[in-house]
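*Asks:* My file is entry_2.csv. It has CSV, C-alpha atoms and all ligand atoms:
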chain,number,residue,atom,x,y,z
Y,1,MET,CA,0.0,0.0,0.0
Y,2,THR,CA,1.4,3.4,-0.9
Y,3,THR,CA,1.3,6.3,1.6
Y,4,PRO,CA,-1.1,8.9,0.5
Y,5,ARG,CA,0.0,12.5,0.2
Y,6,THR,CA,-1.3,14.4,3.2
Y,7,THR,CA,-2.8,17.8,3.5
Y,8,THR,CA,-4.0,19.3,6.7
Y,9,THR,CA,-6.8,21.8,6.8
Y,10,GLN,CA,-9.6,23.1,9.2
Y,11,VAL,CA,-12.6,22.0,7.2
Y,12,GLY,CA,-12.7,19.2,4.6
Y,13,ILE,CA,-15.6,19.6,2.2
Y,14,VAL,CA,-16.8,16.7,0.0
Y,15,GLY,CA,-18.7,18.2,-3.0
Y,16,GLY,CA,-17.7,21.2,-5.1
Y,17,GLY,CA,-21.2,22.3,-6.3
Y,18,PRO,CA,-22.6,25.6,-5.2
Y,19,ALA,CA,-23.1,24.5,-1.6
Y,20,GLY,CA,-19.5,23.3,-1.1
Y,21,LEU,CA,-17.9,26.2,-2.9
Y,22,MET,CA,-20.0,28.8,-1.2
Y,23,LEU,CA,-19.1,27.3,2.2
Y,24,SER,CA,-15.4,27.3,1.3
Y,25,HIS,CA,-15.8,31.0,0.2
Y,26,LEU,CA,-17.7,32.0,3.4
Y,27,LEU,CA,-15.1,30.2,5.6
Y,28,ALA,CA,-12.2,31.9,3.8
Y,29,ARG,CA,-13.8,35.3,4.5
Y,30,ARG,CA,-13.8,34.3,8.2
Y,31,GLY,CA,-10.1,33.2,8.0
Y,32,VAL,CA,-11.0,29.5,8.1
Y,33,ASP,CA,-9.0,27.1,5.8
Y,34,SER,CA,-10.8,24.5,3.7
Y,35,VAL,CA,-10.1,21.9,1.0
Y,36,VAL,CA,-12.9,20.9,-1.4
Y,37,VAL,CA,-13.0,17.7,-3.4
Y,38,ASP,CA,-15.4,16.6,-6.1
Y,39,HIS,CA,-15.5,13.5,-8.3
Y,40,ARG,CA,-16.9,15.5,-11.2
Y,41,SER,CA,-14.8,17.8,-13.5
Y,42,ARG,CA,-15.5,21.5,-13.5
Y,43,LEU,CA,-16.8,21.2,-17.1
Y,44,GLU,CA,-19.2,18.4,-16.1
Y,45,ILE,CA,-20.8,20.5,-13.3
Y,46,GLU,CA,-21.0,23.5,-15.6
Y,47,HIS,CA,-22.9,21.5,-18.2
Y,48,THR,CA,-25.5,20.0,-15.8
Y,49,VAL,CA,-28.8,21.7,-16.4
Y,50,ARG,CA,-30.3,22.7,-13.1
Y,51,ALA,CA,-33.0,25.1,-11.8
Y,52,GLY,CA,-32.8,28.9,-12.3
Y,53,ILE,CA,-34.5,31.0,-9.6
Y,54,LEU,CA,-32.6,32.7,-6.8
Y,55,GLU,CA,-34.4,34.1,-3.8
Y,56,ALA,CA,-33.8,37.6,-2.6
Y,57,ASP,CA,-31.6,36.4,0.3
Y,58,SER,CA,-29.5,34.2,-2.0
Y,59,VAL,CA,-28.7,37.2,-4.2
Y,60,ARG,CA,-28.0,39.2,-1.1
Y,61,LEU,CA,-25.5,36.6,0.1
Y,62,LEU,CA,-23.7,36.7,-3.3
Y,63,ALA,CA,-23.7,40.5,-3.2
Y,64,ASP,CA,-22.5,40.7,0.4
Y,65,THR,CA,-19.6,38.4,-0.2
Y,66,GLY,CA,-18.4,39.9,-3.5
Y,67,VAL,CA,-19.6,37.3,-6.0
Y,68,SER,CA,-22.5,39.3,-7.5
Y,69,ASP,CA,-20.9,41.0,-10.5
Y,70,ARG,CA,-22.6,38.7,-13.0
Y,71,VAL,CA,-25.9,38.0,-11.3
Y,72,LEU,CA,-26.7,41.7,-10.9
Y,73,ARG,CA,-25.5,42.4,-14.5
Y,74,GLU,CA,-26.8,39.4,-16.4
Y,75,GLY,CA,-29.5,37.9,-14.1
Y,76,ASP,CA,-33.1,38.9,-14.7
Y,77,GLN,CA,-34.8,40.4,-11.7
Y,78,HIS,CA,-38.4,39.2,-11.6
Y,79,HIS,CA,-40.8,41.3,-9.6
Y,80,GLY,CA,-43.5,38.6,-9.8
Y,81,THR,CA,-44.8,35.5,-11.6
Y,82,TYR,CA,-47.8,34.3,-13.5
Y,83,PHE,CA,-50.3,31.6,-12.5
Y,84,ALA,CA,-52.4,30.2,-15.3
Y,85,PHE,CA,-55.5,28.0,-14.5
Y,86,GLY,CA,-59.2,27.7,-15.1
Y,87,GLY,CA,-58.9,29.5,-18.5
Y,88,GLU,CA,-57.3,32.6,-17.0
Y,89,LEU,CA,-53.9,34.2,-16.4
Y,90,HIS,CA,-53.1,35.8,-13.1
Y,91,HIS,CA,-50.1,37.9,-12.1
Y,92,ILE,CA,-48.7,37.7,-8.5
Y,93,ASP,CA,-46.7,40.8,-7.7
Y,94,PHE,CA,-43.9,39.8,-5.3
Y,95,GLN,CA,-42.7,43.4,-4.8
Y,96,GLU,CA,-46.1,44.7,-3.9
Y,97,LEU,CA,-47.0,41.8,-1.7
Y,98,ALA,CA,-43.7,40.9,0.0
Y,99,GLY,CA,-41.4,43.8,-0.9
Y,100,ALA,CA,-39.0,41.4,-2.5
Y,101,SER,CA,-38.0,40.0,-5.9
Y,102,VAL,CA,-36.4,36.8,-7.2
Y,103,TRP,CA,-33.6,36.6,-9.9
Y,104,LEU,CA,-33.6,34.3,-12.9
Y,105,TYR,CA,-30.0,33.2,-12.9
Y,106,PRO,CA,-29.3,29.5,-13.5
Y,107,GLN,CA,-27.5,27.4,-10.8
Y,108,THR,CA,-24.7,26.6,-13.3
Y,109,GLU,CA,-23.9,30.3,-13.5
Y,110,VAL,CA,-23.8,30.5,-9.7
Y,111,PHE,CA,-21.4,27.6,-9.8
Y,112,ILE,CA,-19.2,29.3,-12.4
Y,113,ASP,CA,-19.0,32.5,-10.4
Y,114,LEU,CA,-18.1,30.7,-7.2
Y,115,ALA,CA,-15.5,28.4,-8.9
Y,116,ASN,CA,-13.9,31.5,-10.5
Y,117,ALA,CA,-13.9,33.4,-7.1
Y,118,ARG,CA,-12.3,30.4,-5.4
Y,119,GLU,CA,-9.7,30.0,-8.1
Y,120,ALA,CA,-8.8,33.7,-8.0
Y,121,ALA,CA,-8.4,33.4,-4.2
Y,122,GLY,CA,-6.0,30.5,-4.7
Y,123,ALA,CA,-8.3,28.1,-2.8
Y,124,ASP,CA,-7.6,24.4,-2.7
Y,125,VAL,CA,-10.5,22.9,-4.8
Y,126,ARG,CA,-9.9,19.5,-6.5
Y,127,PHE,CA,-12.2,18.5,-9.2
Y,128,GLY,CA,-12.2,15.1,-11.0
Y,129,VAL,CA,-11.0,13.0,-8.1
Y,130,SER,CA,-12.0,9.4,-7.7
Y,131,GLY,CA,-12.5,6.8,-5.0
Y,132,THR,CA,-13.5,9.4,-2.4
Y,133,THR,CA,-14.0,8.0,1.1
Y,134,VAL,CA,-14.3,9.6,4.6
Y,135,HIS,CA,-12.8,8.3,7.8
Y,136,ASP,CA,-12.9,8.7,11.6
Y,137,ILE,CA,-16.0,10.9,11.3
Y,138,THR,CA,-16.7,10.7,15.1
Y,139,SER,CA,-13.1,11.6,16.0
Y,140,ARG,CA,-11.5,15.0,16.4
Y,141,GLN,CA,-9.5,14.4,13.2
Y,142,PRO,CA,-11.6,13.0,10.5
Y,143,SER,CA,-10.2,12.7,7.0
Y,144,ILE,CA,-11.1,12.4,3.3
Y,145,ARG,CA,-9.1,10.0,1.0
Y,146,PHE,CA,-9.2,10.1,-2.8
Y,147,THR,CA,-7.1,9.6,-5.9
Y,148,ASP,CA,-6.4,12.5,-8.2
Y,149,ALA,CA,-6.6,12.5,-12.0
Y,150,ASP,CA,-2.9,11.5,-12.2
Y,151,GLY,CA,-3.5,8.5,-10.0
Y,152,THR,CA,-1.8,9.9,-6.9
Y,153,GLU,CA,-3.5,9.0,-3.6
Y,154,HIS,CA,-4.3,11.8,-1.1
Y,155,GLU,CA,-5.5,12.2,2.4
Y,156,VAL,CA,-7.0,15.5,3.7
Y,157,ARG,CA,-7.0,15.6,7.5
Y,158,CYS,CA,-9.3,18.2,9.0
Y,159,ARG,CA,-11.0,19.2,12.2
Y,160,TYR,CA,-14.5,19.1,10.7
Y,161,LEU,CA,-15.8,17.4,7.6
Y,162,VAL,CA,-18.8,18.6,5.5
Y,163,GLY,CA,-20.8,16.4,3.2
Y,164,ALA,CA,-22.1,18.8,0.5
Y,165,ASP,CA,-22.1,15.9,-2.0
Y,166,GLY,CA,-25.6,16.0,-3.4
Y,167,SER,CA,-28.8,13.9,-3.1
Y,168,HIS,CA,-26.8,10.6,-3.5
Y,169,SER,CA,-24.4,11.7,-0.8
Y,170,MET,CA,-21.7,9.2,0.1
Y,171,CYS,CA,-21.1,11.1,3.4
Y,172,ARG,CA,-24.7,10.6,4.5
Y,173,HIS,CA,-24.4,6.9,3.8
Y,174,GLU,CA,-21.5,6.7,6.3
Y,175,ILE,CA,-23.9,7.6,9.2
Y,176,PRO,CA,-25.3,4.5,10.9
Y,177,ALA,CA,-29.0,4.2,10.3
Y,178,THR,CA,-29.6,4.1,14.0
Y,179,ASP,CA,-28.1,7.5,14.5
Y,180,ILE,CA,-30.1,9.4,12.0
Y,181,ARG,CA,-33.8,9.9,11.1
Y,182,GLN,CA,-34.8,10.2,7.4
Y,183,TYR,CA,-38.2,11.6,6.4
Y,184,ARG,CA,-39.2,10.9,2.8
Y,185,LYS,CA,-42.1,11.6,0.5
Y,186,GLU,CA,-42.4,10.1,-3.0
Y,187,TYR,CA,-44.5,11.9,-5.7
Y,188,PRO,CA,-46.3,9.9,-8.4
Y,189,PHE,CA,-45.1,12.1,-11.3
Y,190,ALA,CA,-42.0,13.7,-12.7
Y,191,TRP,CA,-41.0,16.7,-14.9
Y,192,PHE,CA,-40.1,16.5,-18.6
Y,193,GLY,CA,-37.6,19.3,-18.9
Y,194,ILE,CA,-36.5,20.9,-22.2
Y,195,LEU,CA,-34.1,23.7,-23.3
Y,196,CYS,CA,-35.1,25.3,-26.6
Y,197,GLN,CA,-33.8,28.0,-28.9
Y,198,ALA,CA,-36.7,30.4,-28.9
Y,199,PRO,CA,-37.6,33.9,-27.8
Y,200,LYS,CA,-39.3,34.4,-24.4
Y,201,SER,CA,-43.1,33.6,-24.4
Y,202,ALA,CA,-43.8,35.9,-21.4
Y,203,PRO,CA,-41.9,38.5,-19.4
Y,204,GLU,CA,-41.9,36.3,-16.3
Y,205,LEU,CA,-42.4,32.6,-15.4
Y,206,ILE,CA,-45.8,30.9,-15.9
Y,207,TYR,CA,-46.9,28.2,-13.5
Y,208,ASN,CA,-49.7,26.5,-15.5
Y,209,HIS,CA,-52.4,24.2,-14.1
Y,210,SER,CA,-54.5,22.2,-16.6
Y,211,GLU,CA,-56.5,19.0,-16.9
Y,212,ARG,CA,-53.7,17.6,-19.0
Y,213,GLY,CA,-51.2,18.2,-16.1
Y,214,PHE,CA,-48.9,20.9,-14.9
Y,215,ALA,CA,-46.5,22.9,-17.1
Y,216,LEU,CA,-43.9,25.5,-16.2
Y,217,ILE,CA,-42.7,28.1,-18.7
Y,218,SER,CA,-39.3,29.4,-17.5
Y,219,GLN,CA,-36.5,31.2,-19.3
Y,220,ARG,CA,-32.7,31.3,-19.7
Y,221,THR,CA,-31.8,34.1,-22.1
Y,222,ASP,CA,-33.5,36.2,-24.8
Y,223,THR,CA,-32.9,33.3,-27.2
Y,224,MET,CA,-32.9,30.2,-25.0
Y,225,GLN,CA,-35.8,29.0,-22.9
Y,226,ARG,CA,-36.4,26.4,-20.3
Y,227,MET,CA,-39.8,24.6,-20.0
Y,228,TYR,CA,-41.2,21.6,-18.1
Y,229,PHE,CA,-44.3,19.5,-18.2
Y,230,GLN,CA,-45.6,17.0,-15.7
Y,231,CYS,CA,-45.0,13.4,-16.9
Y,232,ASP,CA,-44.9,9.9,-15.7
Y,233,PRO,CA,-41.7,9.1,-13.7
Y,234,ASP,CA,-41.0,6.3,-16.2
Y,235,GLU,CA,-41.6,8.4,-19.2
Y,236,ASP,CA,-39.2,7.6,-22.1
Y,237,VAL,CA,-37.6,10.8,-23.5
Y,238,ASP,CA,-36.9,9.1,-26.8
Y,239,ALA,CA,-40.6,8.6,-27.4
Y,240,TRP,CA,-41.0,12.4,-27.7
Y,241,SER,CA,-40.3,14.2,-31.0
Y,242,ASP,CA,-40.0,18.0,-31.0
Y,243,ASP,CA,-43.5,18.2,-32.5
Y,244,ARG,CA,-45.0,16.0,-29.9
Y,245,ILE,CA,-43.4,18.0,-27.1
Y,246,TRP,CA,-44.6,21.3,-28.5
Y,247,SER,CA,-48.1,20.1,-29.1
Y,248,GLU,CA,-48.4,18.9,-25.5
Y,249,LEU,CA,-47.0,22.1,-24.1
Y,250,GLN,CA,-49.2,24.3,-26.3
Y,251,ALA,CA,-52.2,22.2,-25.4
Y,252,ARG,CA,-51.6,22.7,-21.7
Y,253,VAL,CA,-51.0,26.4,-21.8
Y,254,GLY,CA,-53.6,26.9,-24.5
Y,255,LEU,CA,-56.4,25.8,-22.1
Y,256,ASN,CA,-55.6,29.0,-20.2
Y,257,GLY,CA,-55.4,31.2,-23.3
Y,258,CYS,CA,-51.5,31.3,-23.5
Y,259,GLU,CA,-49.4,30.6,-26.6
Y,260,LEU,CA,-45.7,29.6,-26.6
Y,261,LYS,CA,-43.0,30.7,-29.0
Y,262,GLU,CA,-41.5,27.6,-30.4
Y,263,GLY,CA,-38.0,26.7,-31.5
Y,264,PRO,CA,-35.5,23.7,-31.8
Y,265,ILE,CA,-35.2,21.7,-28.6
Y,266,THR,CA,-31.6,21.3,-27.6
Y,267,ASP,CA,-31.8,19.3,-24.4
Y,268,ARG,CA,-34.5,17.0,-22.9
Y,269,ALA,CA,-34.6,15.0,-19.7
Y,270,VAL,CA,-37.0,13.4,-17.2
Y,271,LEU,CA,-36.5,14.8,-13.7
Y,272,ARG,CA,-37.8,12.5,-11.0
Y,273,PHE,CA,-38.4,14.1,-7.6
Y,274,ARG,CA,-39.0,13.4,-4.0
Y,275,SER,CA,-38.8,15.1,-0.7
Y,276,ASN,CA,-36.2,13.9,1.7
Y,277,VAL,CA,-34.9,15.3,5.1
Y,278,VAL,CA,-32.2,13.9,7.3
Y,279,GLU,CA,-32.2,14.8,11.0
Y,280,PRO,CA,-30.0,15.8,12.6
Y,281,MET,CA,-27.7,17.3,10.0
Y,282,ARG,CA,-24.6,16.4,12.1
Y,283,TYR,CA,-22.9,13.2,13.0
Y,284,GLY,CA,-19.8,13.6,15.2
Y,285,SER,CA,-17.4,15.8,13.4
Y,286,MET,CA,-19.3,15.6,10.1
Y,287,LEU,CA,-22.1,18.0,9.0
Y,288,LEU,CA,-24.3,17.7,6.0
Y,289,ALA,CA,-25.4,20.6,3.8
Y,290,GLY,CA,-27.7,21.1,0.7
Y,291,ASP,CA,-29.1,18.1,-1.2
Y,292,ALA,CA,-27.0,15.7,0.9
Y,293,ALA,CA,-29.3,16.6,3.9
Y,294,HIS,CA,-32.5,17.4,2.1
Y,295,THR,CA,-34.2,17.4,-1.3
Y,296,VAL,CA,-37.4,19.2,-2.3
Y,297,PRO,CA,-39.6,18.9,-5.5
Y,298,PRO,CA,-38.6,21.6,-8.0
Y,299,THR,CA,-41.9,23.3,-8.1
Y,300,GLY,CA,-41.0,26.1,-5.6
Y,301,ALA,CA,-37.4,26.4,-7.0
Y,302,LYS,CA,-36.1,26.0,-3.4
Y,303,GLY,CA,-33.2,23.5,-3.8
Y,304,LEU,CA,-30.2,25.8,-4.4
Y,305,ASN,CA,-31.7,28.5,-2.2
Y,306,LEU,CA,-31.9,26.1,0.7
Y,307,ALA,CA,-28.3,24.9,0.1
Y,308,LEU,CA,-27.1,28.5,0.2
Y,309,ALA,CA,-29.1,29.2,3.4
Y,310,ASP,CA,-27.5,26.0,5.0
Y,311,VAL,CA,-23.9,27.0,4.4
Y,312,ARG,CA,-24.5,30.6,5.5
Y,313,VAL,CA,-25.4,29.2,9.0
Y,314,LEU,CA,-22.8,26.5,8.8
Y,315,ALA,CA,-19.9,28.9,8.1
Y,316,GLU,CA,-20.9,30.9,11.2
Y,317,VAL,CA,-21.3,27.8,13.4
Y,318,LEU,CA,-18.0,26.2,12.2
Y,319,ASP,CA,-16.1,29.4,12.8
Y,320,GLN,CA,-17.5,29.5,16.4
Y,321,ALA,CA,-16.7,25.9,17.0
Y,322,LEU,CA,-13.1,26.4,15.9
Y,323,THR,CA,-12.6,29.6,17.8
Y,324,LYS,CA,-14.1,28.3,21.0
Y,325,ASN,CA,-12.8,24.8,20.5
Y,326,ASP,CA,-16.3,23.6,21.4
Y,327,ASP,CA,-18.2,21.0,19.4
Y,328,ASP,CA,-21.5,21.7,21.2
Y,329,VAL,CA,-22.1,24.9,19.2
Y,330,LEU,CA,-22.4,22.6,16.1
Y,331,ASP,CA,-25.8,21.5,17.3
Y,332,ASP,CA,-27.0,25.0,16.6
Y,333,TYR,CA,-26.6,24.3,12.9
Y,334,SER,CA,-29.2,21.6,12.6
Y,335,HIS,CA,-31.8,23.5,14.7
Y,336,ARG,CA,-31.4,26.7,12.7
Y,337,ALA,CA,-31.1,25.1,9.2
Y,338,LEU,CA,-34.0,22.6,9.8
Y,339,ASP,CA,-36.4,25.4,10.6
Y,340,ARG,CA,-36.0,26.8,7.1
Y,341,VAL,CA,-35.8,23.3,5.5
Y,342,TRP,CA,-39.3,22.3,6.9
Y,343,ARG,CA,-40.8,25.6,5.8
Y,344,SER,CA,-39.4,25.0,2.3
Y,345,GLN,CA,-40.6,21.4,2.4
Y,346,HIS,CA,-44.1,22.6,3.1
Y,347,PHE,CA,-44.0,25.3,0.5
Y,348,SER,CA,-42.6,23.0,-2.2
Y,349,TYR,CA,-45.2,20.3,-1.3
Y,350,TRP,CA,-48.0,22.8,-1.3
Y,351,MET,CA,-47.1,24.3,-4.7
Y,352,THR,CA,-46.6,20.8,-6.1
Y,353,SER,CA,-49.9,19.4,-4.9
Y,354,MET,CA,-51.9,22.5,-5.9
Y,355,LEU,CA,-50.6,22.5,-9.4
Y,356,HIS,CA,-50.1,18.9,-10.5
Y,357,ARG,CA,-52.7,16.5,-11.8
Y,358,PRO,CA,-52.7,13.5,-9.4
Y,359,PRO,CA,-52.9,10.1,-11.0
Y,360,ASN,CA,-56.5,8.9,-11.3
Y,361,ALA,CA,-57.7,12.5,-10.7
Y,362,ASP,CA,-61.4,13.1,-11.4
Y,363,ASP,CA,-63.2,16.3,-12.2
Y,364,PHE,CA,-63.8,16.9,-8.5
Y,365,ASP,CA,-60.0,16.9,-7.8
Y,366,LEU,CA,-59.3,19.3,-10.7
Y,367,ARG,CA,-62.1,21.7,-9.9
Y,368,ARG,CA,-61.0,21.7,-6.2
Y,369,GLN,CA,-57.5,22.6,-7.3
Y,370,VAL,CA,-58.8,25.5,-9.4
Y,371,GLY,CA,-60.8,26.6,-6.3
Y,372,GLU,CA,-57.7,26.6,-4.3
Y,373,LEU,CA,-55.7,28.6,-6.9
Y,374,ARG,CA,-58.5,31.1,-7.1
Y,375,SER,CA,-58.5,31.5,-3.3
Y,376,VAL,CA,-54.8,32.1,-3.4
Y,377,VAL,CA,-54.7,34.7,-6.2
Y,378,ARG,CA,-57.9,36.6,-5.2
Y,379,SER,CA,-57.0,37.0,-1.5
Y,380,THR,CA,-54.3,39.4,-0.5
Y,381,ALA,CA,-53.5,37.1,2.4
Y,382,GLY,CA,-53.3,34.1,0.1
Y,383,SER,CA,-51.1,35.7,-2.5
Y,384,THR,CA,-48.9,37.4,0.2
Y,385,PHE,CA,-48.3,33.9,1.7
Y,386,LEU,CA,-47.2,32.7,-1.8
Y,387,ALA,CA,-45.0,35.8,-2.5
Y,388,GLU,CA,-43.3,35.5,0.9
Y,389,GLY,CA,-42.6,31.8,0.4
Y,390,TYR,CA,-41.5,32.1,-3.2
Y,391,THR,CA,-39.1,35.1,-2.6
Y,392,GLY,CA,-37.8,33.3,0.5
Y,393,TRP,CA,-38.4,34.3,4.1
Y,394,PRO,CA,-35.7,36.8,4.9
Y,395,SER,CA,-33.2,35.4,7.5
Y,396,ALA,CA,-32.6,37.4,10.6
H,1,LIG,C1,-36.0,26.7,-13.9
H,1,LIG,O1,-35.9,27.8,-14.6
H,1,LIG,O2,-35.3,25.8,-14.2
H,1,LIG,C2,-37.0,26.6,-12.8
H,1,LIG,C3,-37.7,27.8,-12.5
H,1,LIG,C4,-38.7,27.7,-11.5
H,1,LIG,C5,-38.9,26.5,-10.8
H,1,LIG,C6,-38.2,25.3,-11.2
H,1,LIG,C7,-37.2,25.4,-12.2
H,1,LIG,O3,-39.9,26.4,-9.9
Could you express the structure from this file as C-alpha cells?
Ligand code: PHB

*Replies:*
Amino acid sequence: MTTPRTTTTQVGIVGGGPAGLMLSHLLARRGVDSVVVDHRSRLEIEHTVRAGILEADSVRLLADTGVSDRVLREGDQHHGTYFAFGGELHHIDFQELAGASVWLYPQTEVFIDLANAREAAGADVRFGVSGTTVHDITSRQPSIRFTDADGTEHEVRCRYLVGADGSHSMCRHEIPATDIRQYRKEYPFAWFGILCQAPKSAPELIYNHSERGFALISQRTDTMQRMYFQCDPDEDVDAWSDDRIWSELQARVGLNGCELKEGPITDRAVLRFRSNVVEPMRYGSMLLAGDAAHTVPPTGAKGLNLALADVRVLAEVLDQALTKNDDDVLDDYSHRALDRVWRSQHFSYWMTSMLHRPPNADDFDLRRQVGELRSVVRSTAGSTFLAEGYTGWPSA
C-alpha cells in the first residue's frame, strides 16, 4: 500500500457544487481554511442543467460576499410571476405583496461565479478526483481520502468534515441508520424538462395548471428558454419528438389562453423528484449541507436556495466551534437550518400538490385545485403567503 500525500486543513468539504464552494468561500472570509474535493470535473458541473431561480436572500448573500458581479448584471430580476389556471392568467406581484424579488439566474452560473472566485483566491479545490472515502468521522481528526486525476492518492486531514455531496451523498451513507432519522415523500409524477432556442413567451415565469397536467414556462436568455411539463416518472424521453413536445406544451397552456413561441429543442430529460430530510444534519465531526441533507420537489425552486441558506449558517457555526474549541455549538446548525428546511418542504409540497394532476384525478379533484388557486390569487393574504414563500423568508 502506498502512503497517501497528506494535506491538513480546518474544514474538509466533499462536494464542489454551489453548496461546497459557497461554504469554502464564506469560511475563507472568516479566515478559516478548507479543502474541497469533487469527483466531477468543472466542465461536467458547468454542463449539468439545473434550476434557475434565486431568492432575494441568495442574491444578497452573493452580493454581500463579493460574487454578485454577473448575477446583478446578467441575471433577470423578476418582480412577480404568472399563474395560469381555469382558463385565466393571473399575475402575482412579489414586490407589492412581499417587498422582494427573485432573480432568474441559473444554478450553473452561480457555480461558475463561485468556482472563479475560489480559483482567484488560490483556494484548494480539487475536481475530477476518484474513490473518495471519509474516515474517523466521530473523532477530532476526520479525513477524506481520494485519488487525483494523475493516479496519486491523497489524504485530507481536518478538524471538521462537511458532506455537500448531493442527493446521493456518500457522506450521508456513512452515518449509521440508528443515529439518524430520514423523512421521505415520493411523488407519483416527474417533470419532462427541455431547453429550446426560442424567444421568451412571457416577461416572467408561468406556472400552468391544466386538466392535461402541470407545465412551467421558464427562461434562460433572450434566445434560450427552459420549460417543463408534468409526466410519468418512467416516461421515455426518446418517445417524444420535438413536434409532440410542442403540441403537449401548447395544449396545456392553450387551455388557459396562452401561446408559446417555439424553436428547436436542444436538451431534454425526465426529472424524478422526492422530498427527503435527514435529522440531525450532524454526526460527530461531520455535517451535511444542501441536497446531501434534504431534497425538495422543484416546483418552488427551493433546492439551491436552501443549500445557500444552509452554508450561511454552517460557516458561522463552524467558525464559532473552531474559535471556542467547542463541538457543542455545532448542534445549533441543525436547529437553525431545519427550521427553514421544513418551511421549504411545506412550500414545495403545497405548490406541487396544488398544481399537478394527481394520478386517477377526477373532475372533482381538478375543480377543487382551481378553487384553491382562485382562493390564493384573489386573496391578499393568500397571494402574500405565496409571495413570501417564493421570494424566500428573509433570514434574521
Ligand atoms: C427553472 O428555470 O429551471 C425553474 C424555475 C422555477 C422552478 C423550477 C425550475 O420552480

*Asks:* Pick the closest to Y:Asp222 from Y:Asp319, Y:Thr152, Y:Gln345, Y:Asp76: which is it, counting only C-alpha atoms?

*Replies:*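 Between Y:Asp319, Y:Thr152, Y:Gln345, Y:Asp76, the residue approaching Y:Asp222 most closely is Y:Asp76.
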
*Asks:* Give the residues close to ligand LIG 1 (chain H), within 7 Å, counting all atoms listed in the file; write them as an MDAnalysis selection string.

*Replies:* chainID Y and resid 50:53 106 218:220 226 298:301

*Asks:* Could you work out how far atom CA of Y:Ala321 lies from atom CA of Y:Thr147, giving the answer in Å with one decimal?

*Replies:* 29.7 Å

*Asks:* State, in Å with one decimal place, the distance from atom CA of Y:Val277 to atom CA of Y:Tyr183.

*Replies:*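 Computing it gives 5.1 Å between the two atoms.
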
*Asks:* May I ask which of the residues Y:Gly16, Y:Thr65, Y:Phe192, Y:Tyr160 is the closest one to Y:Ser139, counting only C-alpha atoms?

*Replies:* Y:Tyr160

*Asks:* Taking into account all atoms listed in the file, which residue in the set Y:Asp242, Y:Asp234, Y:Glu46, Y:Asp331 is nearest to Y:Thr266?

*Replies:*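 Between Y:Asp242, Y:Asp234, Y:Glu46, Y:Asp331, the residue approaching Y:Thr266 most closely is Y:Asp242.
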
*Asks:* Calculated over all atoms listed in the file, which of the candidates Y:Tyr283, Y:Phe347, Y:Tyr333, Y:Phe364 has the smallest distance to Y:Leu161?

*Replies:*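 Of Y:Tyr283, Y:Phe347, Y:Tyr333, Y:Phe364, the one nearest Y:Leu161 is Y:Tyr283, counting all atoms listed in the file.
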
*Asks:* What's the 8 Å shell around stretch 19-24 of chain Y, counting only C-alpha atoms, without same-chain residues fewer than 2 positions away, as a PDB file with C-alpha atoms, keeping the file's coordinate frame?

*Replies:*
ATOM      1  CA  ILE Y  13     -15.600  19.600   2.200  1.00  0.00           C
ATOM      2  CA  VAL Y  14     -16.800  16.700   0.000  1.00  0.00           C
ATOM      3  CA  GLY Y  15     -18.700  18.200  -3.000  1.00  0.00           C
ATOM      4  CA  GLY Y  16     -17.700  21.200  -5.100  1.00  0.00           C
ATOM      5  CA  GLY Y  17     -21.200  22.300  -6.300  1.00  0.00           C
ATOM      6  CA  LEU Y  26     -17.700  32.000   3.400  1.00  0.00           C
ATOM      7  CA  LEU Y  27     -15.100  30.200   5.600  1.00  0.00           C
ATOM      8  CA  ALA Y  28     -12.200  31.900   3.800  1.00  0.00           C
ATOM      9  CA  ASP Y  33      -9.000  27.100   5.800  1.00  0.00           C
ATOM     10  CA  SER Y  34     -10.800  24.500   3.700  1.00  0.00           C
ATOM     11  CA  VAL Y  35     -10.100  21.900   1.000  1.00  0.00           C
ATOM     12  CA  VAL Y  36     -12.900  20.900  -1.400  1.00  0.00           C
ATOM     13  CA  PHE Y 111     -21.400  27.600  -9.800  1.00  0.00           C
ATOM     14  CA  LEU Y 114     -18.100  30.700  -7.200  1.00  0.00           C
ATOM     15  CA  ALA Y 115     -15.500  28.400  -8.900  1.00  0.00           C
ATOM     16  CA  ARG Y 118     -12.300  30.400  -5.400  1.00  0.00           C
ATOM     17  CA  ALA Y 164     -22.100  18.800   0.500  1.00  0.00           C
ATOM     18  CA  ASP Y 165     -22.100  15.900  -2.000  1.00  0.00           C
ATOM     19  CA  ALA Y 289     -25.400  20.600   3.800  1.00  0.00           C
ATOM     20  CA  GLY Y 290     -27.700  21.100   0.700  1.00  0.00           C
ATOM     21  CA  LEU Y 304     -30.200  25.800  -4.400  1.00  0.00           C
ATOM     22  CA  ALA Y 307     -28.300  24.900   0.100  1.00  0.00           C
ATOM     23  CA  LEU Y 308     -27.100  28.500   0.200  1.00  0.00           C
ATOM     24  CA  VAL Y 311     -23.900  27.000   4.400  1.00  0.00           C
ATOM     25  CA  ARG Y 312     -24.500  30.600   5.500  1.00  0.00           C
ATOM     26  CA  LEU Y 314     -22.800  26.500   8.800  1.00  0.00           C
ATOM     27  CA  ALA Y 315     -19.900  28.900   8.100  1.00  0.00           C
TER      28      ALA Y 315
END
